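Raw contents of input-v8.csv, CSV, C-alpha atoms:
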```csv
chain,number,residue,atom,x,y,z
I,1,MET,CA,-32.3,38.5,-184.7
I,2,GLY,CA,-30.5,40.4,-187.4
I,3,SER,CA,-28.0,37.6,-188.1
I,4,SER,CA,-27.0,36.8,-191.7
I,5,ARG,CA,-26.2,33.1,-190.9
I,6,VAL,CA,-27.7,30.6,-193.3
I,7,PHE,CA,-29.1,27.1,-193.0
I,8,GLN,CA,-28.5,24.3,-195.5
I,9,LYS,CA,-31.9,23.3,-197.0
I,10,ASP,CA,-32.2,20.9,-199.9
I,11,ARG,CA,-28.4,21.3,-200.4
I,12,GLU,CA,-28.8,25.0,-201.1
I,13,ALA,CA,-27.9,27.8,-198.9
I,14,VAL,CA,-30.9,29.9,-198.2
I,15,PRO,CA,-31.4,32.9,-195.9
I,16,VAL,CA,-32.9,32.5,-192.4
I,17,THR,CA,-36.6,33.4,-192.5
I,18,VAL,CA,-38.1,35.3,-189.6
I,19,LEU,CA,-41.9,35.7,-189.5
I,20,HIS,CA,-43.1,38.6,-187.4
I,21,LEU,CA,-46.8,38.7,-186.4
I,22,SER,CA,-48.4,41.8,-184.9
I,23,GLN,CA,-52.0,42.9,-184.4
I,24,PRO,CA,-51.1,46.5,-183.7
I,25,VAL,CA,-50.4,48.3,-187.0
I,26,ASP,CA,-49.6,51.8,-185.6
I,27,GLY,CA,-47.6,53.4,-182.8
I,28,GLY,CA,-44.6,52.0,-181.0
I,29,VAL,CA,-45.1,48.3,-181.9
I,30,ALA,CA,-45.3,49.0,-185.6
I,31,ARG,CA,-42.1,51.2,-185.3
I,32,VAL,CA,-40.2,48.4,-183.5
I,33,VAL,CA,-41.2,45.8,-186.0
I,34,THR,CA,-40.3,48.0,-188.9
I,35,ASP,CA,-36.9,48.8,-187.4
I,36,LEU,CA,-36.2,45.1,-186.8
I,37,VAL,CA,-37.1,44.0,-190.4
I,38,ARG,CA,-35.0,46.8,-191.8
I,39,ALA,CA,-32.0,45.6,-189.9
I,40,GLN,CA,-32.7,41.9,-190.7
I,41,THR,CA,-33.1,42.4,-194.4
I,42,ALA,CA,-29.9,44.5,-194.5
I,43,ALA,CA,-28.1,41.6,-192.9
I,44,GLY,CA,-29.4,39.1,-195.5
I,45,THR,CA,-32.3,37.7,-193.5
I,46,ARG,CA,-35.6,37.0,-195.1
I,47,ALA,CA,-38.2,39.0,-193.0
I,48,VAL,CA,-41.9,38.5,-193.3
I,49,VAL,CA,-44.5,40.6,-191.5
I,50,ALA,CA,-48.0,39.3,-191.0
I,51,CYS,CA,-50.5,41.9,-189.7
I,52,PRO,CA,-54.1,43.2,-190.2
I,53,PRO,CA,-54.7,45.5,-193.3
I,54,GLY,CA,-54.6,49.2,-192.8
I,55,GLY,CA,-52.3,51.3,-190.6
I,56,ALA,CA,-48.6,52.0,-191.1
I,57,LEU,CA,-47.0,48.7,-190.4
I,58,GLY,CA,-47.7,46.9,-193.6
I,59,ARG,CA,-46.7,49.9,-195.7
I,60,ASP,CA,-43.6,50.7,-193.7
I,61,ALA,CA,-42.4,47.1,-193.4
I,62,ALA,CA,-42.6,46.6,-197.1
I,63,ALA,CA,-40.6,49.8,-197.7
I,64,ALA,CA,-38.0,48.4,-195.2
I,65,GLY,CA,-37.6,45.3,-197.4
I,66,ALA,CA,-40.0,42.8,-195.7
I,67,GLU,CA,-42.6,40.6,-197.4
I,68,VAL,CA,-46.0,41.4,-196.0
I,69,ALA,CA,-48.9,39.0,-195.5
I,70,GLY,CA,-52.4,39.7,-194.3
I,71,TRP,CA,-53.4,38.4,-190.9
I,72,PRO,CA,-56.8,39.7,-189.9
I,73,ALA,CA,-57.0,39.9,-186.1
I,74,ARG,CA,-58.9,42.0,-183.6
I,75,ARG,CA,-57.3,43.6,-180.5
I,76,GLU,CA,-59.7,42.0,-178.0
I,77,PRO,CA,-59.8,38.3,-177.3
I,78,GLY,CA,-63.1,36.8,-178.2
I,79,PRO,CA,-65.0,34.3,-180.4
I,80,GLY,CA,-62.7,35.1,-183.3
I,81,LEU,CA,-59.6,33.9,-181.5
I,82,TYR,CA,-59.9,30.3,-182.9
I,83,GLY,CA,-60.0,31.6,-186.5
I,84,GLU,CA,-57.0,33.9,-185.9
I,85,ALA,CA,-55.0,31.0,-184.5
I,86,VAL,CA,-55.9,28.8,-187.5
I,87,ARG,CA,-54.9,31.6,-190.0
I,88,ALA,CA,-51.6,32.1,-188.1
I,89,ALA,CA,-50.9,28.3,-188.3
I,90,ARG,CA,-51.6,28.4,-192.0
I,91,LEU,CA,-49.2,31.3,-192.5
I,92,VAL,CA,-46.5,29.5,-190.7
I,93,ARG,CA,-46.9,26.4,-192.8
I,94,ARG,CA,-46.9,28.4,-196.0
I,95,ILE,CA,-43.9,30.6,-195.2
I,96,GLY,CA,-41.8,28.0,-193.4
I,97,PRO,CA,-40.0,30.3,-191.0
I,98,ASP,CA,-36.9,29.4,-189.0
I,99,LEU,CA,-38.1,31.7,-186.2
I,100,VAL,CA,-41.5,33.2,-185.3
I,101,HIS,CA,-41.5,36.5,-183.5
I,102,THR,CA,-44.8,37.6,-181.9
I,103,HIS,CA,-45.5,41.2,-180.9
I,104,SER,CA,-47.9,42.2,-178.2
I,105,ALA,CA,-50.7,40.3,-176.5
I,106,LYS,CA,-53.0,39.2,-179.3
I,107,ALA,CA,-50.3,37.7,-181.6
I,108,GLY,CA,-48.7,36.1,-178.6
I,109,LEU,CA,-52.0,34.5,-177.6
I,110,ALA,CA,-53.1,33.3,-181.1
I,111,VAL,CA,-49.7,32.1,-182.3
I,112,ARG,CA,-48.4,30.4,-179.2
I,113,LEU,CA,-51.8,28.7,-179.0
I,114,ALA,CA,-51.5,27.5,-182.6
I,115,LEU,CA,-47.8,26.4,-182.5
I,116,ARG,CA,-47.2,25.4,-178.9
I,117,GLY,CA,-43.5,25.4,-179.3
I,118,ARG,CA,-43.3,23.4,-182.6
I,119,VAL,CA,-41.4,26.3,-184.3
I,120,PRO,CA,-38.7,28.4,-182.5
I,121,THR,CA,-40.7,31.3,-181.0
I,122,VAL,CA,-39.8,34.7,-179.5
I,123,HIS,CA,-42.6,36.6,-177.8
I,124,GLN,CA,-42.3,40.3,-177.1
I,125,PRO,CA,-45.1,41.6,-174.9
I,126,HIS,CA,-44.5,45.4,-175.5
I,127,ALA,CA,-45.9,45.9,-172.0
I,128,TRP,CA,-47.9,43.3,-170.1
I,129,SER,CA,-51.5,42.8,-171.2
I,130,PHE,CA,-52.7,42.2,-167.7
I,131,ASP,CA,-51.7,45.8,-166.7
I,132,ALA,CA,-54.0,47.3,-169.4
I,133,VAL,CA,-57.2,45.8,-168.2
I,134,GLY,CA,-58.9,45.0,-164.9
I,135,GLY,CA,-61.0,42.5,-163.1
I,136,ALA,CA,-61.6,39.0,-164.6
I,137,THR,CA,-60.0,40.1,-167.9
I,138,ALA,CA,-56.8,40.9,-166.1
I,139,ARG,CA,-56.8,37.6,-164.2
I,140,LEU,CA,-57.4,35.7,-167.5
I,141,ALA,CA,-54.6,37.6,-169.2
I,142,LEU,CA,-52.2,36.8,-166.4
I,143,TYR,CA,-53.1,33.1,-166.4
I,144,TRP,CA,-52.5,33.0,-170.1
I,145,GLU,CA,-49.1,34.6,-169.9
I,146,ARG,CA,-48.1,32.2,-167.2
I,147,LEU,CA,-49.2,29.2,-169.2
I,148,ALA,CA,-47.9,30.3,-172.6
I,149,ALA,CA,-44.4,31.2,-171.5
I,150,ARG,CA,-43.5,27.6,-171.8
I,151,TRP,CA,-44.1,27.8,-175.6
I,152,ALA,CA,-41.7,30.7,-176.1
I,153,ASP,CA,-37.9,30.0,-176.6
I,154,ARG,CA,-37.5,33.6,-175.4
I,155,VAL,CA,-39.7,36.2,-173.9
I,156,LEU,CA,-38.2,39.5,-175.0
I,157,CYS,CA,-38.5,42.6,-172.8
I,158,VAL,CA,-37.6,46.1,-173.6
I,159,SER,CA,-36.4,46.9,-170.1
I,160,GLY,CA,-35.2,45.2,-166.9
I,161,ASP,CA,-38.3,46.7,-165.2
I,162,GLU,CA,-40.6,44.9,-167.6
I,163,LEU,CA,-38.8,41.6,-167.0
I,164,ARG,CA,-38.9,42.0,-163.2
I,165,HIS,CA,-42.6,42.9,-163.3
I,166,GLY,CA,-43.3,39.7,-165.3
I,167,GLU,CA,-41.3,37.6,-162.8
I,168,ALA,CA,-43.1,39.2,-159.9
I,169,SER,CA,-46.4,38.4,-161.5
I,170,GLY,CA,-45.6,34.7,-161.7
I,171,VAL,CA,-44.5,34.5,-165.4
I,172,ARG,CA,-41.7,31.9,-165.6
I,173,ALA,CA,-39.9,32.3,-168.8
I,174,ARG,CA,-36.5,32.2,-170.6
I,175,TRP,CA,-36.0,35.9,-170.5
I,176,ALA,CA,-34.0,38.3,-172.6
I,177,VAL,CA,-33.8,42.1,-172.4
I,178,VAL,CA,-33.2,44.1,-175.6
I,179,HIS,CA,-33.7,47.8,-175.3
I,180,ASN,CA,-35.4,49.7,-178.1
I,181,GLY,CA,-32.8,51.3,-180.4
I,182,VAL,CA,-32.7,54.9,-181.4
I,183,ASP,CA,-31.6,55.9,-184.9
I,184,THR,CA,-29.0,58.5,-184.1
I,185,ARG,CA,-28.9,59.6,-187.8
I,186,ARG,CA,-32.5,60.7,-187.4
I,187,PHE,CA,-32.5,61.8,-183.8
I,188,GLY,CA,-29.4,63.7,-183.0
I,189,PRO,CA,-28.6,66.6,-180.6
I,190,ALA,CA,-29.7,69.9,-182.0
I,191,ASP,CA,-27.4,72.8,-182.1
I,192,GLU,CA,-28.1,76.1,-180.4
I,193,ALA,CA,-29.8,77.7,-183.4
I,194,ALA,CA,-32.1,74.7,-183.9
I,195,ARG,CA,-33.1,74.7,-180.2
I,196,THR,CA,-33.9,78.4,-180.4
I,197,ARG,CA,-36.1,78.0,-183.5
I,198,ALA,CA,-38.0,75.1,-181.9
I,199,ARG,CA,-38.7,77.0,-178.7
I,200,THR,CA,-39.7,80.1,-180.6
I,201,ALA,CA,-42.2,78.1,-182.6
I,202,LEU,CA,-44.1,76.9,-179.5
I,203,PRO,CA,-46.8,79.3,-178.4
I,204,ALA,CA,-46.9,77.7,-175.0
I,205,LEU,CA,-43.3,78.9,-174.3
I,206,ALA,CA,-44.2,82.6,-175.0
I,207,GLY,CA,-42.6,84.6,-172.2
I,208,VAL,CA,-40.3,81.8,-171.0
I,209,PRO,CA,-36.7,83.0,-170.9
I,210,PRO,CA,-34.8,81.4,-173.8
I,211,HIS,CA,-32.3,79.6,-171.5
I,212,ALA,CA,-34.7,78.5,-168.9
I,213,PRO,CA,-34.5,74.7,-168.2
I,214,LEU,CA,-37.2,72.9,-170.2
I,215,ALA,CA,-38.5,69.3,-169.5
I,216,VAL,CA,-40.3,67.6,-172.4
I,217,CYS,CA,-42.3,64.4,-172.3
I,218,VAL,CA,-42.9,62.9,-175.8
I,219,GLY,CA,-45.7,60.4,-176.1
I,220,ARG,CA,-48.6,59.2,-178.3
I,221,LEU,CA,-52.1,60.0,-177.2
I,222,CYS,CA,-54.4,57.1,-178.0
I,223,ARG,CA,-57.2,55.1,-176.5
I,224,GLN,CA,-56.0,51.9,-174.7
```

Could you show the structure in this file as structure tokens?
Amino acid sequence: MGSSRVFQKDREAVPVTVLHLSQPVDGGVARVVTDLVRAQTAAGTRAVVACPPGGALGRDAAAAGAEVAGWPARREPGPGLYGEAVRAARLVRRIGPDLVHTHSAKAGLAVRLALRGRVPTVHQPHAWSFDAVGGATARLALYWERLAARWADRVLCVSGDELRHGEASGVRARWAVVHNGVDTRRFGPADEAARTRARTALPALAGVPPHAPLAVCVGRLCRQ
């Protein structure tokens, strides 16, 4: 994904172009896309991010060196899906990517429907859509993931558990597992003084002995 290899086009060596499409523009998906394009542009790859306006993704991806294109898309599938797929196909024709990387359910739905394998495609579910809903919507989402897997050269999971869950649910794909990376320059072990300052600053820890074991769960609170 971050390779600096080049293709010969019109007798001129030009960088590989990777087009990322994402409907989520905040949270973990946006963070992963931004980290990918930062690594890809540093390696000499041309990275393009297509996403809805607003949110952090467009701004952060541009700061990371990517070109940013507008792709209006709603989270929920509905009557607008056809227009989203048409706009995605137009973007692909205009940008001419060597690889299309779709992120999360809506981009995976619209883009694979539009391209149907005509351009090398990686789909990254970022958790399975059929787990986030119930009833008929979940059944339709599962049917779609089973059908559309044939139009992805790779389905990219962030863990072996995500891959196994997809397999157990009947998704037959060419799988790969790439764990989310951690920037150790930004997130490194704190020294004793920093840990003491952090614990002292939390009112909820008032009265807790300074060396008592502490378990922390870090997450983002948002409506799914």

Problem set entry | Pick from I:Gly207, I:Gly44, I:Gly54, I:Gly160, whichever lies nearest to Ala127 in chain I using all atoms listed in the file | I:Gly160

Exercise. Range 17-21 of chain I: which residues within 10 Å, counting all atoms listed in the file, same-chain residues fewer than 4 positions away excluded, as a PyMOL selection string?
Worked result: chain I and resi 1-2+6-7+33-34+36-37+40-41+44-52+66-71+88+91-92+95-104+106-108+110-111+120-123

Problem set entry | d(CA of Val178 in chain I, CA of Ala30 in chain I) in Å | 16.4 Å

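One finds CA of Gly28 in chain I at 26.8 Å from CA of Arg116 in chain I.
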
Exercise. Which polymer residues have any atom within 10 Å of an atom of Ala89 in chain I, counting all atoms listed in the file, with same-chain residues fewer than 3 positions away left out, as a PyMOL selection string?
Worked result: chain I and resi 83-86+92-94+110-115

Write the residues of the preceding selection, restricted to C-alpha atoms, as an mmCIF file, keeping the file's coordinate frame.
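Result written to part.cif:
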```cif
data_model
loop_
_atom_site.group_PDB
_atom_site.id
_atom_site.type_symbol
_atom_site.label_atom_id
_atom_site.label_comp_id
_atom_site.auth_asym_id
_atom_site.auth_seq_id
_atom_site.Cartn_x
_atom_site.Cartn_y
_atom_site.Cartn_z
ATOM 1 C CA GLY I 83 -60.000 31.600 -186.500
ATOM 2 C CA GLU I 84 -57.000 33.900 -185.900
ATOM 3 C CA ALA I 85 -55.000 31.000 -184.500
ATOM 4 C CA VAL I 86 -55.900 28.800 -187.500
ATOM 5 C CA VAL I 92 -46.500 29.500 -190.700
ATOM 6 C CA ARG I 93 -46.900 26.400 -192.800
ATOM 7 C CA ARG I 94 -46.900 28.400 -196.000
ATOM 8 C CA ALA I 110 -53.100 33.300 -181.100
ATOM 9 C CA VAL I 111 -49.700 32.100 -182.300
ATOM 10 C CA ARG I 112 -48.400 30.400 -179.200
ATOM 11 C CA LEU I 113 -51.800 28.700 -179.000
ATOM 12 C CA ALA I 114 -51.500 27.500 -182.600
ATOM 13 C CA LEU I 115 -47.800 26.400 -182.500
#
```

Exercise. Hey, which of I:Pro77, I:Glu162, I:Arg90, I:Ala206 ends up closest to Leu140 in chain I? Count only C-alpha atoms.
Worked result: I:Pro77

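Residue nearest Leu156 in chain I, chosen from I:Asp60, I:Gln124, I:Arg172, I:Val182 and counting only C-alpha atoms: I:Gln124.
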
Exercise. Nearest to Ala64 in chain I: which of I:Val32, I:Leu81, I:Ala190, I:Leu221 is it, counting all atoms listed in the file?
Worked result: I:Val32

Exercise. Taking into account all atoms listed in the file, which residue in the set I:Pro125, I:Ala173, I:Gln23, I:Asp161 is nearest to Pro53 in chain I?
Worked result: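 Closest to Pro53 in chain I of all the choices is I:Gln23.
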
Problem set entry | Leu214 in chain I environment, 12 Å, only C-alpha atoms, sequence neighbours closer than 2 positions dropped, as a list in words |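 Everything that qualifies: Arg195, Ala198, Arg199, Ala204, Leu205, Val208, Pro209, Pro210, His211, Ala212, Val216 and Cys217 of chain I.
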
For this session: Calculate how many Å separate CA of Leu142 in chain I from CA of Ser129 in chain I, rounding to one decimal.
Result: 7.7 Å

Exercise. So, counting all atoms listed in the file, which residue among I:Ala105, I:Ala152, I:Leu147, I:Val158 is closest to Phe130 in chain I?
Worked result: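 Ranking I:Ala105, I:Ala152, I:Leu147, I:Val158 by distance to Phe130 in chain I, first place goes to I:Ala105.
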
Exercise. Got a sec to check which residues sit within 7 Å of (-36.7, 48.2, -174.1), counting only C-alpha atoms, and write them as number ranges by chain?
Worked result: I: 157-159, 177-180

Extract range 162-173 of chain I from the structure I just pasted (atoms: N, CA, C and O atoms) and return it as a CSV table (one decimal), in the first residue's frame.
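Saved the output as result_15.csv:
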```
chain,number,residue,atom,x,y,z
I,162,GLU,N,-11.7,-10.2,13.2
I,162,GLU,CA,-12.6,-9.7,12.2
I,162,GLU,C,-12.7,-10.6,11.0
I,162,GLU,O,-13.8,-10.8,10.4
I,163,LEU,N,-11.5,-11.1,10.6
I,163,LEU,CA,-11.5,-12.0,9.4
I,163,LEU,C,-12.3,-13.3,9.7
I,163,LEU,O,-13.1,-13.7,8.9
I,164,ARG,N,-12.1,-13.9,10.9
I,164,ARG,CA,-12.8,-15.1,11.2
I,164,ARG,C,-14.3,-14.9,11.3
I,164,ARG,O,-15.1,-15.8,10.9
I,165,HIS,N,-14.7,-13.7,11.8
I,165,HIS,CA,-16.1,-13.4,11.9
I,165,HIS,C,-16.7,-13.3,10.5
I,165,HIS,O,-17.9,-13.8,10.2
I,166,GLY,N,-16.0,-12.7,9.6
I,166,GLY,CA,-16.5,-12.6,8.2
I,166,GLY,C,-16.6,-14.0,7.6
I,166,GLY,O,-17.6,-14.3,6.9
I,167,GLU,N,-15.6,-14.8,7.7
I,167,GLU,CA,-15.7,-16.2,7.2
I,167,GLU,C,-16.8,-16.9,7.8
I,167,GLU,O,-17.6,-17.6,7.1
I,168,ALA,N,-17.0,-16.9,9.1
I,168,ALA,CA,-18.1,-17.6,9.8
I,168,ALA,C,-19.5,-17.1,9.3
I,168,ALA,O,-20.5,-17.8,9.4
I,169,SER,N,-19.5,-15.8,8.9
I,169,SER,CA,-20.8,-15.3,8.4
I,169,SER,C,-21.1,-15.6,6.9
I,169,SER,O,-22.1,-15.1,6.4
I,170,GLY,N,-20.2,-16.3,6.3
I,170,GLY,CA,-20.4,-16.7,4.9
I,170,GLY,C,-19.8,-15.8,3.9
I,170,GLY,O,-20.1,-15.9,2.7
I,171,VAL,N,-18.9,-14.8,4.3
I,171,VAL,CA,-18.2,-14.0,3.3
I,171,VAL,C,-17.0,-14.7,2.8
I,171,VAL,O,-16.1,-15.1,3.6
I,172,ARG,N,-16.9,-15.0,1.5
I,172,ARG,CA,-15.8,-15.7,0.9
I,172,ARG,C,-15.0,-14.7,0.1
I,172,ARG,O,-15.4,-14.1,-0.9
I,173,ALA,N,-13.8,-14.4,0.6
I,173,ALA,CA,-13.0,-13.3,0.0
I,173,ALA,C,-11.5,-13.7,0.0
I,173,ALA,O,-11.1,-14.7,0.6
```
